[in-house]
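S.K.: Here you go, input-v9.pdb (PDB, C-alpha atoms, pLDDT in the B column):
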```pdb
MODEL        1
ATOM      1  CA  LEU A   1      43.989  48.923 136.004  1.00 80.00           C
ATOM      2  CA  ASN A   2      45.098  51.775 138.286  1.00 81.00           C
ATOM      3  CA  ASN A   3      48.719  50.550 138.224  1.00 83.00           C
ATOM      4  CA  TRP A   4      48.626  50.141 134.453  1.00 88.00           C
ATOM      5  CA  THR A   5      47.218  53.644 134.014  1.00 86.00           C
ATOM      6  CA  PHE A   6      49.903  55.608 135.848  1.00 83.00           C
ATOM      7  CA  LYS A   7      52.853  53.256 135.245  1.00 86.00           C
ATOM      8  CA  ILE A   8      52.185  52.411 131.589  1.00 91.00           C
ATOM      9  CA  PHE A   9      49.466  54.305 129.684  1.00 91.00           C
ATOM     10  CA  SER A  10      50.056  57.882 130.862  1.00 90.00           C
ATOM     11  CA  ILE A  11      53.831  57.330 130.660  1.00 91.00           C
ATOM     12  CA  ILE A  12      53.830  56.103 127.065  1.00 91.00           C
ATOM     13  CA  ILE A  13      51.581  58.999 125.993  1.00 92.00           C
ATOM     14  CA  LEU A  14      53.944  61.522 127.624  1.00 93.00           C
ATOM     15  CA  ALA A  15      57.088  59.861 126.238  1.00 93.00           C
ATOM     16  CA  TRP A  16      55.664  59.645 122.698  1.00 93.00           C
ATOM     17  CA  ALA A  17      54.341  63.230 122.845  1.00 94.00           C
ATOM     18  CA  ILE A  18      57.704  64.666 123.946  1.00 93.00           C
ATOM     19  CA  SER A  19      59.538  62.643 121.294  1.00 90.00           C
ATOM     20  CA  LYS A  20      57.185  63.839 118.552  1.00 92.00           C
ATOM     21  CA  LYS A  21      56.776  67.352 120.065  1.00 92.00           C
ATOM     22  CA  LYS A  22      52.990  66.947 120.239  1.00 94.00           C
ATOM     23  CA  PHE A  23      52.305  69.756 122.724  1.00 94.00           C
ATOM     24  CA  PHE A  24      48.599  69.033 123.143  1.00 95.00           C
ATOM     25  CA  PHE A  25      49.316  65.451 124.191  1.00 94.00           C
ATOM     26  CA  ILE A  26      52.166  66.599 126.451  1.00 94.00           C
ATOM     27  CA  PHE A  27      49.757  68.791 128.413  1.00 94.00           C
ATOM     28  CA  PHE A  28      47.054  66.123 128.235  1.00 93.00           C
ATOM     29  CA  SER A  29      49.305  63.420 129.712  1.00 92.00           C
ATOM     30  CA  ILE A  30      50.600  65.772 132.436  1.00 93.00           C
ATOM     31  CA  ALA A  31      47.013  66.628 133.374  1.00 93.00           C
ATOM     32  CA  LEU A  32      46.171  62.913 133.390  1.00 90.00           C
ATOM     33  CA  ILE A  33      49.071  62.109 135.727  1.00 91.00           C
ATOM     34  CA  ILE A  34      48.128  64.919 138.126  1.00 92.00           C
ATOM     35  CA  LEU A  35      44.499  63.791 138.037  1.00 91.00           C
ATOM     36  CA  GLN A  36      45.553  60.235 138.930  1.00 88.00           C
ATOM     37  CA  PHE A  37      47.468  61.600 141.918  1.00 89.00           C
ATOM     38  CA  GLY A  38      44.361  63.520 142.955  1.00 90.00           C
ATOM     39  CA  PHE A  39      42.253  60.360 142.763  1.00 87.00           C
ATOM     40  CA  SER A  40      44.656  57.963 144.471  1.00 83.00           C
ATOM     41  CA  GLY A  41      46.857  60.094 146.719  1.00 82.00           C
ATOM     42  CA  HIS A  42      49.834  57.868 145.808  1.00 78.00           C
ATOM     43  CA  LYS A  43      52.947  59.999 145.325  1.00 78.00           C
ATOM     44  CA  SER A  44      54.419  57.314 143.054  1.00 78.00           C
ATOM     45  CA  SER A  45      51.835  58.259 140.424  1.00 83.00           C
ATOM     46  CA  LEU A  46      53.743  61.549 139.929  1.00 87.00           C
ATOM     47  CA  THR A  47      57.030  59.788 139.186  1.00 86.00           C
ATOM     48  CA  GLY A  48      56.497  59.892 135.425  1.00 87.00           C
ATOM     49  CA  LEU A  49      56.543  63.706 135.439  1.00 90.00           C
ATOM     50  CA  PHE A  50      60.227  63.538 136.412  1.00 88.00           C
ATOM     51  CA  LEU A  51      61.423  60.266 134.874  1.00 88.00           C
ATOM     52  CA  VAL A  52      60.282  60.849 131.290  1.00 91.00           C
ATOM     53  CA  PRO A  53      61.956  64.295 130.857  1.00 91.00           C
ATOM     54  CA  PHE A  54      65.053  62.956 132.650  1.00 86.00           C
ATOM     55  CA  PHE A  55      65.472  60.071 130.191  1.00 88.00           C
ATOM     56  CA  TYR A  56      64.693  62.344 127.239  1.00 89.00           C
ATOM     57  CA  VAL A  57      67.505  64.746 128.220  1.00 87.00           C
ATOM     58  CA  MET A  58      69.868  61.951 129.237  1.00 85.00           C
ATOM     59  CA  TYR A  59      69.687  60.061 125.947  1.00 84.00           C
ATOM     60  CA  LYS A  60      70.271  63.279 124.008  1.00 82.00           C
ATOM     61  CA  GLN A  61      73.753  63.367 125.544  1.00 81.00           C
ATOM     62  CA  LYS A  62      76.738  61.541 124.058  1.00 78.00           C
ATOM     63  CA  ASP A  63      77.913  60.071 127.371  1.00 80.00           C
ATOM     64  CA  SER A  64      74.656  59.125 129.081  1.00 77.00           C
ATOM     65  CA  LYS A  65      76.309  56.662 131.508  1.00 79.00           C
ATOM     66  CA  LYS A  66      78.523  59.377 132.974  1.00 83.00           C
ATOM     67  CA  LEU A  67      75.497  61.648 133.277  1.00 80.00           C
ATOM     68  CA  ILE A  68      73.652  58.990 135.314  1.00 79.00           C
ATOM     69  CA  ILE A  69      76.578  58.596 137.737  1.00 85.00           C
ATOM     70  CA  ILE A  70      77.096  62.346 138.177  1.00 85.00           C
ATOM     71  CA  GLY A  71      73.370  62.963 138.649  1.00 81.00           C
ATOM     72  CA  PHE A  72      73.086  60.149 141.190  1.00 81.00           C
ATOM     73  CA  ILE A  73      76.068  61.388 143.232  1.00 87.00           C
ATOM     74  CA  PHE A  74      74.694  64.944 143.149  1.00 86.00           C
ATOM     75  CA  LEU A  75      71.309  63.716 144.395  1.00 81.00           C
ATOM     76  CA  LEU A  76      72.843  61.810 147.315  1.00 83.00           C
ATOM     77  CA  VAL A  77      75.164  64.659 148.344  1.00 86.00           C
ATOM     78  CA  PHE A  78      72.358  67.235 148.061  1.00 83.00           C
ATOM     79  CA  ASN A  79      70.110  65.146 150.316  1.00 81.00           C
ATOM     80  CA  LEU A  80      72.858  64.652 152.900  1.00 81.00           C
ATOM     81  CA  LEU A  81      73.546  68.405 152.988  1.00 83.00           C
ATOM     82  CA  LEU A  82      69.826  69.124 153.241  1.00 79.00           C
ATOM     83  CA  ALA A  83      69.519  66.757 156.197  1.00 77.00           C
ATOM     84  CA  ARG A  84      72.439  68.403 158.001  1.00 78.00           C
ATOM     85  CA  SER A  85      71.275  71.960 157.394  1.00 74.00           C
ATOM     86  CA  GLU A  86      67.577  71.493 158.191  1.00 69.00           C
ATOM     87  CA  ASP A  87      67.757  68.521 160.570  1.00 71.00           C
ATOM     88  CA  ASN A  88      65.165  66.808 158.384  1.00 70.00           C
ATOM     89  CA  MET A  89      65.801  63.140 157.622  1.00 76.00           C
ATOM     90  CA  LEU A  90      62.724  62.600 155.425  1.00 76.00           C
ATOM     91  CA  TRP A  91      64.398  62.813 152.014  1.00 74.00           C
ATOM     92  CA  VAL A  92      67.510  60.987 153.185  1.00 78.00           C
ATOM     93  CA  SER A  93      65.248  58.266 154.516  1.00 79.00           C
ATOM     94  CA  ILE A  94      63.377  57.990 151.212  1.00 75.00           C
ATOM     95  CA  LEU A  95      66.343  58.173 148.834  1.00 76.00           C
ATOM     96  CA  ILE A  96      69.042  56.360 150.827  1.00 80.00           C
ATOM     97  CA  ARG A  97      67.469  54.154 153.498  1.00 82.00           C
ATOM     98  CA  ARG A  98      64.476  53.137 151.370  1.00 81.00           C
ATOM     99  CA  MET A  99      66.549  52.651 148.207  1.00 79.00           C
ATOM    100  CA  PHE A 100      69.473  50.680 149.648  1.00 82.00           C
ATOM    101  CA  PHE A 101      68.953  49.430 153.178  1.00 88.00           C
ATOM    102  CA  THR A 102      65.266  48.484 153.328  1.00 89.00           C
ATOM    103  CA  PRO A 103      65.252  46.154 150.262  1.00 89.00           C
ATOM    104  CA  ALA A 104      68.491  44.474 151.390  1.00 91.00           C
ATOM    105  CA  ASN A 105      67.176  44.008 154.918  1.00 93.00           C
ATOM    106  CA  LEU A 106      63.857  42.554 153.704  1.00 94.00           C
ATOM    107  CA  ASN A 107      65.718  40.115 151.447  1.00 94.00           C
ATOM    108  CA  ASN A 108      67.567  38.843 154.509  1.00 95.00           C
ATOM    109  CA  VAL A 109      64.328  38.619 156.518  1.00 96.00           C
ATOM    110  CA  TYR A 110      62.667  36.524 153.774  1.00 97.00           C
ATOM    111  CA  PHE A 111      65.614  34.107 153.650  1.00 96.00           C
ATOM    112  CA  GLU A 112      65.746  33.938 157.453  1.00 96.00           C
ATOM    113  CA  PHE A 113      62.025  33.180 157.824  1.00 96.00           C
ATOM    114  CA  PHE A 114      61.679  30.582 155.069  1.00 96.00           C
ATOM    115  CA  ASP A 115      64.915  28.884 156.053  1.00 95.00           C
ATOM    116  CA  LYS A 116      63.081  27.800 159.234  1.00 94.00           C
ATOM    117  CA  ASN A 117      59.451  27.585 158.046  1.00 94.00           C
ATOM    118  CA  PRO A 118      57.550  25.813 155.217  1.00 92.00           C
ATOM    119  CA  PHE A 119      57.795  27.441 151.789  1.00 93.00           C
ATOM    120  CA  TYR A 120      54.837  29.495 150.605  1.00 91.00           C
ATOM    121  CA  TYR A 121      54.195  27.536 147.374  1.00 89.00           C
ATOM    122  CA  TRP A 122      52.026  30.325 145.957  1.00 86.00           C
ATOM    123  CA  SER A 123      49.465  29.915 148.761  1.00 81.00           C
ATOM    124  CA  ASN A 124      46.519  32.346 148.798  1.00 67.00           C
ATOM    125  CA  SER A 125      47.249  33.539 145.248  1.00 63.00           C
ATOM    126  CA  SER A 126      45.686  33.340 141.815  1.00 59.00           C
ATOM    127  CA  PHE A 127      48.218  30.579 141.016  1.00 55.00           C
ATOM    128  CA  GLN A 128      46.740  28.091 143.473  1.00 53.00           C
ATOM    129  CA  VAL A 129      46.435  25.536 140.675  1.00 48.00           C
ATOM    130  CA  PHE A 130      50.207  25.044 141.063  1.00 53.00           C
ATOM    131  CA  ASN A 131      50.121  24.688 144.857  1.00 49.00           C
ATOM    132  CA  LEU A 132      51.894  21.710 146.306  1.00 53.00           C
ATOM    133  CA  ASN A 133      50.689  22.509 149.815  1.00 54.00           C
ATOM    134  CA  LEU A 134      48.654  25.360 151.301  1.00 68.00           C
ATOM    135  CA  ASN A 135      50.690  26.439 154.320  1.00 74.00           C
ATOM    136  CA  TYR A 136      49.424  30.001 154.725  1.00 84.00           C
ATOM    137  CA  ASP A 137      46.053  31.748 154.601  1.00 81.00           C
ATOM    138  CA  ILE A 138      47.360  35.318 154.075  1.00 87.00           C
ATOM    139  CA  SER A 139      49.458  36.960 151.377  1.00 89.00           C
ATOM    140  CA  LEU A 140      53.216  36.476 151.371  1.00 91.00           C
ATOM    141  CA  SER A 141      54.028  40.067 152.311  1.00 92.00           C
ATOM    142  CA  PHE A 142      51.760  39.911 155.371  1.00 93.00           C
ATOM    143  CA  VAL A 143      53.383  36.634 156.470  1.00 94.00           C
ATOM    144  CA  ILE A 144      56.660  38.549 156.728  1.00 95.00           C
ATOM    145  CA  GLY A 145      54.919  41.570 158.269  1.00 94.00           C
ATOM    146  CA  ARG A 146      53.631  39.372 161.090  1.00 93.00           C
ATOM    147  CA  TYR A 147      57.091  37.869 161.495  1.00 94.00           C
ATOM    148  CA  LEU A 148      58.388  41.410 161.984  1.00 93.00           C
ATOM    149  CA  GLY A 149      55.751  41.993 164.656  1.00 92.00           C
ATOM    150  CA  ASP A 150      53.243  44.167 162.776  1.00 90.00           C
ATOM    151  CA  TYR A 151      49.994  42.482 161.710  1.00 88.00           C
ATOM    152  CA  THR A 152      49.107  45.450 159.440  1.00 90.00           C
ATOM    153  CA  LEU A 153      52.439  45.462 157.575  1.00 89.00           C
ATOM    154  CA  GLY A 154      52.822  44.141 154.045  1.00 90.00           C
ATOM    155  CA  ALA A 155      56.598  43.690 153.710  1.00 92.00           C
ATOM    156  CA  ASN A 156      57.378  43.242 150.004  1.00 91.00           C
ATOM    157  CA  THR A 157      60.647  42.287 148.385  1.00 93.00           C
ATOM    158  CA  GLY A 158      61.969  41.579 144.895  1.00 93.00           C
ATOM    159  CA  PHE A 159      61.767  38.439 142.792  1.00 95.00           C
ATOM    160  CA  ILE A 160      64.913  36.722 144.155  1.00 95.00           C
ATOM    161  CA  ALA A 161      63.799  36.541 147.799  1.00 96.00           C
ATOM    162  CA  SER A 162      60.186  35.989 146.713  1.00 95.00           C
ATOM    163  CA  GLY A 163      61.307  33.054 144.581  1.00 95.00           C
ATOM    164  CA  TYR A 164      63.079  31.539 147.577  1.00 96.00           C
ATOM    165  CA  ALA A 165      59.977  32.100 149.727  1.00 95.00           C
ATOM    166  CA  GLN A 166      57.807  30.311 147.157  1.00 92.00           C
ATOM    167  CA  ALA A 167      59.883  27.190 146.540  1.00 92.00           C
ATOM    168  CA  GLY A 168      63.418  27.572 147.878  1.00 95.00           C
ATOM    169  CA  LEU A 169      66.314  27.150 145.458  1.00 96.00           C
ATOM    170  CA  VAL A 170      63.938  25.803 142.796  1.00 95.00           C
ATOM    171  CA  GLY A 171      61.917  29.027 143.062  1.00 95.00           C
ATOM    172  CA  ILE A 172      65.032  31.171 142.642  1.00 97.00           C
ATOM    173  CA  ILE A 173      66.151  29.226 139.559  1.00 97.00           C
ATOM    174  CA  LEU A 174      62.648  29.331 138.045  1.00 97.00           C
ATOM    175  CA  TYR A 175      62.179  33.059 138.638  1.00 97.00           C
ATOM    176  CA  THR A 176      65.681  33.978 137.502  1.00 97.00           C
ATOM    177  CA  THR A 177      65.334  31.962 134.282  1.00 97.00           C
ATOM    178  CA  ILE A 178      62.068  33.755 133.461  1.00 97.00           C
ATOM    179  CA  VAL A 179      63.580  37.197 134.189  1.00 97.00           C
ATOM    180  CA  ILE A 180      66.675  36.427 132.062  1.00 97.00           C
ATOM    181  CA  PHE A 181      64.393  35.469 129.164  1.00 97.00           C
ATOM    182  CA  LEU A 182      62.331  38.650 129.667  1.00 96.00           C
ATOM    183  CA  MET A 183      65.388  40.921 129.771  1.00 95.00           C
ATOM    184  CA  ASN A 184      66.727  39.362 126.574  1.00 95.00           C
ATOM    185  CA  VAL A 185      63.379  40.011 124.872  1.00 94.00           C
ATOM    186  CA  ILE A 186      63.458  43.639 126.081  1.00 94.00           C
ATOM    187  CA  ASN A 187      67.066  44.074 124.906  1.00 93.00           C
ATOM    188  CA  THR A 188      66.158  42.715 121.470  1.00 93.00           C
ATOM    189  CA  ILE A 189      63.225  45.125 121.200  1.00 90.00           C
ATOM    190  CA  ALA A 190      65.276  48.045 122.547  1.00 88.00           C
ATOM    191  CA  LYS A 191      67.779  47.773 119.688  1.00 87.00           C
ATOM    192  CA  LYS A 192      64.978  48.744 117.289  1.00 83.00           C
ATOM    193  CA  ARG A 193      63.452  51.522 119.434  1.00 81.00           C
ATOM    194  CA  GLU A 194      64.517  54.771 121.049  1.00 83.00           C
ATOM    195  CA  LEU A 195      66.180  53.897 124.359  1.00 86.00           C
ATOM    196  CA  TYR A 196      64.442  56.910 125.849  1.00 88.00           C
ATOM    197  CA  ILE A 197      61.028  55.359 125.120  1.00 90.00           C
ATOM    198  CA  VAL A 198      62.107  51.943 126.401  1.00 91.00           C
ATOM    199  CA  MET A 199      63.462  53.285 129.695  1.00 90.00           C
ATOM    200  CA  SER A 200      60.538  55.636 130.270  1.00 91.00           C
ATOM    201  CA  LEU A 201      58.027  52.855 129.791  1.00 91.00           C
ATOM    202  CA  LEU A 202      59.714  50.047 131.719  1.00 93.00           C
ATOM    203  CA  ILE A 203      61.697  51.703 134.513  1.00 90.00           C
ATOM    204  CA  MET A 204      58.836  51.673 137.049  1.00 90.00           C
ATOM    205  CA  PRO A 205      57.546  48.135 136.373  1.00 93.00           C
ATOM    206  CA  LEU A 206      61.078  46.682 136.360  1.00 93.00           C
ATOM    207  CA  SER A 207      62.125  48.537 139.525  1.00 90.00           C
ATOM    208  CA  VAL A 208      59.131  46.975 141.284  1.00 91.00           C
ATOM    209  CA  LEU A 209      60.156  43.544 139.975  1.00 94.00           C
ATOM    210  CA  TYR A 210      63.679  43.898 141.376  1.00 93.00           C
ATOM    211  CA  THR A 211      62.880  45.520 144.720  1.00 90.00           C
ATOM    212  CA  SER A 212      59.321  45.144 145.944  1.00 88.00           C
ATOM    213  CA  SER A 213      57.092  42.543 144.290  1.00 91.00           C
ATOM    214  CA  ASP A 214      56.723  38.846 143.579  1.00 93.00           C
ATOM    215  CA  LEU A 215      57.303  37.903 139.946  1.00 94.00           C
ATOM    216  CA  PRO A 216      53.695  37.040 138.918  1.00 92.00           C
ATOM    217  CA  THR A 217      52.428  40.229 140.580  1.00 91.00           C
ATOM    218  CA  SER A 218      55.084  42.319 138.811  1.00 92.00           C
ATOM    219  CA  PHE A 219      54.282  40.754 135.456  1.00 93.00           C
ATOM    220  CA  ILE A 220      50.514  41.243 135.676  1.00 92.00           C
ATOM    221  CA  THR A 221      49.533  43.872 138.252  1.00 90.00           C
ATOM    222  CA  HIS A 222      52.530  46.187 137.846  1.00 91.00           C
ATOM    223  CA  GLY A 223      52.573  46.047 134.048  1.00 92.00           C
ATOM    224  CA  VAL A 224      55.857  44.334 133.118  1.00 94.00           C
ATOM    225  CA  LEU A 225      54.181  42.156 130.487  1.00 94.00           C
ATOM    226  CA  LEU A 226      51.911  44.952 129.255  1.00 94.00           C
ATOM    227  CA  GLY A 227      54.831  47.378 128.913  1.00 93.00           C
ATOM    228  CA  THR A 228      56.862  44.808 126.972  1.00 93.00           C
ATOM    229  CA  LEU A 229      53.926  44.065 124.664  1.00 92.00           C
ATOM    230  CA  LEU A 230      53.398  47.796 124.026  1.00 90.00           C
ATOM    231  CA  LEU A 231      57.040  48.184 123.033  1.00 88.00           C
TER
ENDMDL
END
```
Output the structure of this file as structure tokens.

M.R.:
Amino acid sequence: LNNWTFKIFSIIILAWAISKKKFFFIFFSIALIILQFGFSGHKSSLTGLFLVPFFYVMYKQKDSKKLIIIGFIFLLVFNLLLARSEDNMLWVSILIRRMFFTPANLNNVYFEFFDKNPFYYWSNSSFQVFNLNLNYDISLSFVIGRYLGDYTLGANTGFIASGYAQAGLVGIILYTTIVIFLMNVINTIAKKRELYIVMSLLIMPLSVLYTSSDLPTSFITHGVLLGTLLL
């Protein structure tokens, strides 16, 4: 429920309140988001404070695609200049290394490991009813963490590499088919809704799906299904 609260519920309240100019609910949702950060300590819980206003402003513009590209380039250049001037690589590490290089590297690690070892077949998960063979007694991310030499590391990746880890090429085809169906459902719904609301509500769950979580976990724990149903 914690993931649903800061990725779905507080976001949809803030997005609706800004759209309808309900100032009480704007302040209420902001206070709720800050309170969640105070409880959990997870910086990701504050993401909605920046994403929702960003999408609101962006979709008020005529050429929103150009605005995304310009804003993204500005963010990258600003972080590079900041790193050079202050000799501080933290933000560059978060916004460049973590965004581009880490997910790509982990994809390769997943393919490398399961190319030589038995597939996971949803071992040690709530989907054990579908197991063909229980090869592992720990979660998938910790299997890869151990492979990388750190027994405390949970190395997550997106649905493509996770699908391969679960059942090879069959897993990739299965996962990709489900995601294609989901994205078509979302696109159909989005045509009847404000794109600002759609993006605000689904950007965090879908980003997790593509970069850092197995498909069933993304759908249930990270709120992809719940966000789609709420739309």

S.K.: Residues picked by the PyMOL selection byres ((chain A and resi 48) around 8) here, as a PyMOL selection string?

M.R.: chain A and resi 6-7+11+33+45-47+49-52+200

S.K.: Export C-alpha atoms of the chosen residues as a PDB file, in the coordinates of the input?

M.R.:
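Result written to result14.pdb:
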```pdb
ATOM      1  CA  PHE A   6      49.903  55.608 135.848  1.00 83.00           C
ATOM      2  CA  LYS A   7      52.853  53.256 135.245  1.00 86.00           C
ATOM      3  CA  ILE A  11      53.831  57.330 130.660  1.00 91.00           C
ATOM      4  CA  ILE A  33      49.071  62.109 135.727  1.00 91.00           C
ATOM      5  CA  SER A  45      51.835  58.259 140.424  1.00 83.00           C
ATOM      6  CA  LEU A  46      53.743  61.549 139.929  1.00 87.00           C
ATOM      7  CA  THR A  47      57.030  59.788 139.186  1.00 86.00           C
ATOM      8  CA  LEU A  49      56.543  63.706 135.439  1.00 90.00           C
ATOM      9  CA  PHE A  50      60.227  63.538 136.412  1.00 88.00           C
ATOM     10  CA  LEU A  51      61.423  60.266 134.874  1.00 88.00           C
ATOM     11  CA  VAL A  52      60.282  60.849 131.290  1.00 91.00           C
ATOM     12  CA  SER A 200      60.538  55.636 130.270  1.00 91.00           C
TER      13      SER A 200
END
```

S.K.: Would you kindly return, as a PyMOL selection string, each protein, DNA or RNA residue with an atom no farther than 9 Å from any atom of Tyr151 of chain A, considering all atoms listed in the file and excluding same-chain residues fewer than 6 positions away?

M.R.: chain A and resi 142-143+145

S.K.: Atom CA of Ile13 of chain A and atom CA of Ile26 of chain A, how far apart in Å?

M.R.: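 Atom CA of Ile26 of chain A sits 7.6 Å away from atom CA of Ile13 of chain A.
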
S.K.: In Å to one decimal, how far is atom CA of Val208 of chain A from atom CA of Ser93 of chain A?

M.R.: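 Distance reported for this atom pair: 18.4 Å.
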
S.K.: Would you please work out which residue, of A:Asn184, A:Asp63, A:Thr211, A:Leu148, is nearest to Thr102 of chain A when using only C-alpha atoms?

M.R.: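 Using only C-alpha atoms, Thr102 of chain A sits closest to A:Thr211.
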
S.K.: At what distance in Å, to one decimal, does atom CA of Ile160 of chain A lie from atom CA of Leu230 of chain A?

M.R.: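 Answer for the atom CA of Leu230 of chain A to atom CA of Ile160 of chain A separation: 25.7 Å.
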
S.K.: List every protein, DNA or RNA residue that has an atom no more than 9 Å from (47.5, 49.4, 135.5) in the file's coordinate frame, counting all atoms listed in the file, and report them as a list in words.

M.R.: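 Looking at atoms near the point gives Leu1, Asn2, Asn3, Trp4, Thr5, Phe6, Lys7, Ile8, Phe9, Ile220, Thr221, His222, Gly223 and Leu226 of chain A.
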
S.K.: Would you put the residues from that selection into a file with C-alpha atoms, as a PDB file, in the coordinates of the input?

M.R.:
```
ATOM      1  CA  LEU A   1      43.989  48.923 136.004  1.00 80.00           C
ATOM      2  CA  ASN A   2      45.098  51.775 138.286  1.00 81.00           C
ATOM      3  CA  ASN A   3      48.719  50.550 138.224  1.00 83.00           C
ATOM      4  CA  TRP A   4      48.626  50.141 134.453  1.00 88.00           C
ATOM      5  CA  THR A   5      47.218  53.644 134.014  1.00 86.00           C
ATOM      6  CA  PHE A   6      49.903  55.608 135.848  1.00 83.00           C
ATOM      7  CA  LYS A   7      52.853  53.256 135.245  1.00 86.00           C
ATOM      8  CA  ILE A   8      52.185  52.411 131.589  1.00 91.00           C
ATOM      9  CA  PHE A   9      49.466  54.305 129.684  1.00 91.00           C
ATOM     10  CA  ILE A 220      50.514  41.243 135.676  1.00 92.00           C
ATOM     11  CA  THR A 221      49.533  43.872 138.252  1.00 90.00           C
ATOM     12  CA  HIS A 222      52.530  46.187 137.846  1.00 91.00           C
ATOM     13  CA  GLY A 223      52.573  46.047 134.048  1.00 92.00           C
ATOM     14  CA  LEU A 226      51.911  44.952 129.255  1.00 94.00           C
TER      15      LEU A 226
END
```

S.K.: When the PyMOL selection byres ((chain A and resi 144) around 10) is applied to the structure above, which residues does it catch, written out as a list of chain:residue names?

M.R.: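 Residues picked by the PyMOL selection byres ((chain A and resi 144) around 10): A:Leu106, A:Val109, A:Tyr110, A:Phe113, A:Phe114, A:Ser139, A:Leu140, A:Ser141, A:Phe142, A:Val143, A:Gly145, A:Arg146, A:Tyr147, A:Leu148, A:Gly149, A:Asp150, A:Tyr151, A:Leu153, A:Gly154, A:Ala155, A:Asn156, A:Thr157.
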
S.K.: Calculated over all atoms listed in the file, which of the candidates A:Phe101, A:Phe23, A:Phe78, A:Phe159 has the smallest distance to Tyr210 of chain A?

M.R.: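 For Tyr210 of chain A, the nearest of the given residues is A:Phe159.
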
S.K.: Can you tell me which residues surround Ala190 of chain A at a distance of at most 12 Å, considering only C-alpha atoms, apart from same-chain residues fewer than 5 positions away, and format the answer as a ChimeraX atom specification?

M.R.: /A:183-185,195-202,228,230-231

S.K.: As a PyMOL selection string, please: the residues near Ala167 of chain A (cut-off 7 Å, only C-alpha atoms, same-chain neighbours under 6 positions excluded).

M.R.: chain A and resi 119-121

S.K.: Can those selected residues be exported to a file as a PDB file, keeping the file's coordinate frame so that it contains C-alpha atoms?

M.R.:
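The resulting file, selection-v9.pdb, is shown below:
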```
ATOM      1  CA  PHE A 119      57.795  27.441 151.789  1.00 93.00           C
ATOM      2  CA  TYR A 120      54.837  29.495 150.605  1.00 91.00           C
ATOM      3  CA  TYR A 121      54.195  27.536 147.374  1.00 89.00           C
TER       4      TYR A 121
END
```

S.K.: Using all atoms listed in the file, which residue out of A:Met99, A:Leu215, A:Ser207, A:Glu194 lies closest to Trp16 of chain A?

M.R.: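 Checking each of A:Met99, A:Leu215, A:Ser207, A:Glu194 against Trp16 of chain A, counting all atoms listed in the file, the winner is A:Glu194.
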
S.K.: With a distance cut-off of 12 Å and all atoms listed in the file, select the neighbouring residues of Ile94 of chain A, excluding the residue or stretch itself and same-chain residues fewer than 5 positions from it, and output the selection as number ranges by chain.

M.R.: A: 75-76, 79-80, 83, 88-89, 99-102

S.K.: Which residues would end up in the selection if the PyMOL selection byres ((chain A and resi 17) around 12) were applied here, given that I need the answer as a ChimeraX atom specification?

M.R.: /A:10-16,18-30,52-53,56,197

S.K.: Find the spatial neighbours of Ile68 of chain A, counting only C-alpha atoms, within a cut-off of 10 Å - ignore same-chain residues fewer than 6 positions away - and output them as a PyMOL selection string.

M.R.: chain A and resi 54-55+58+74
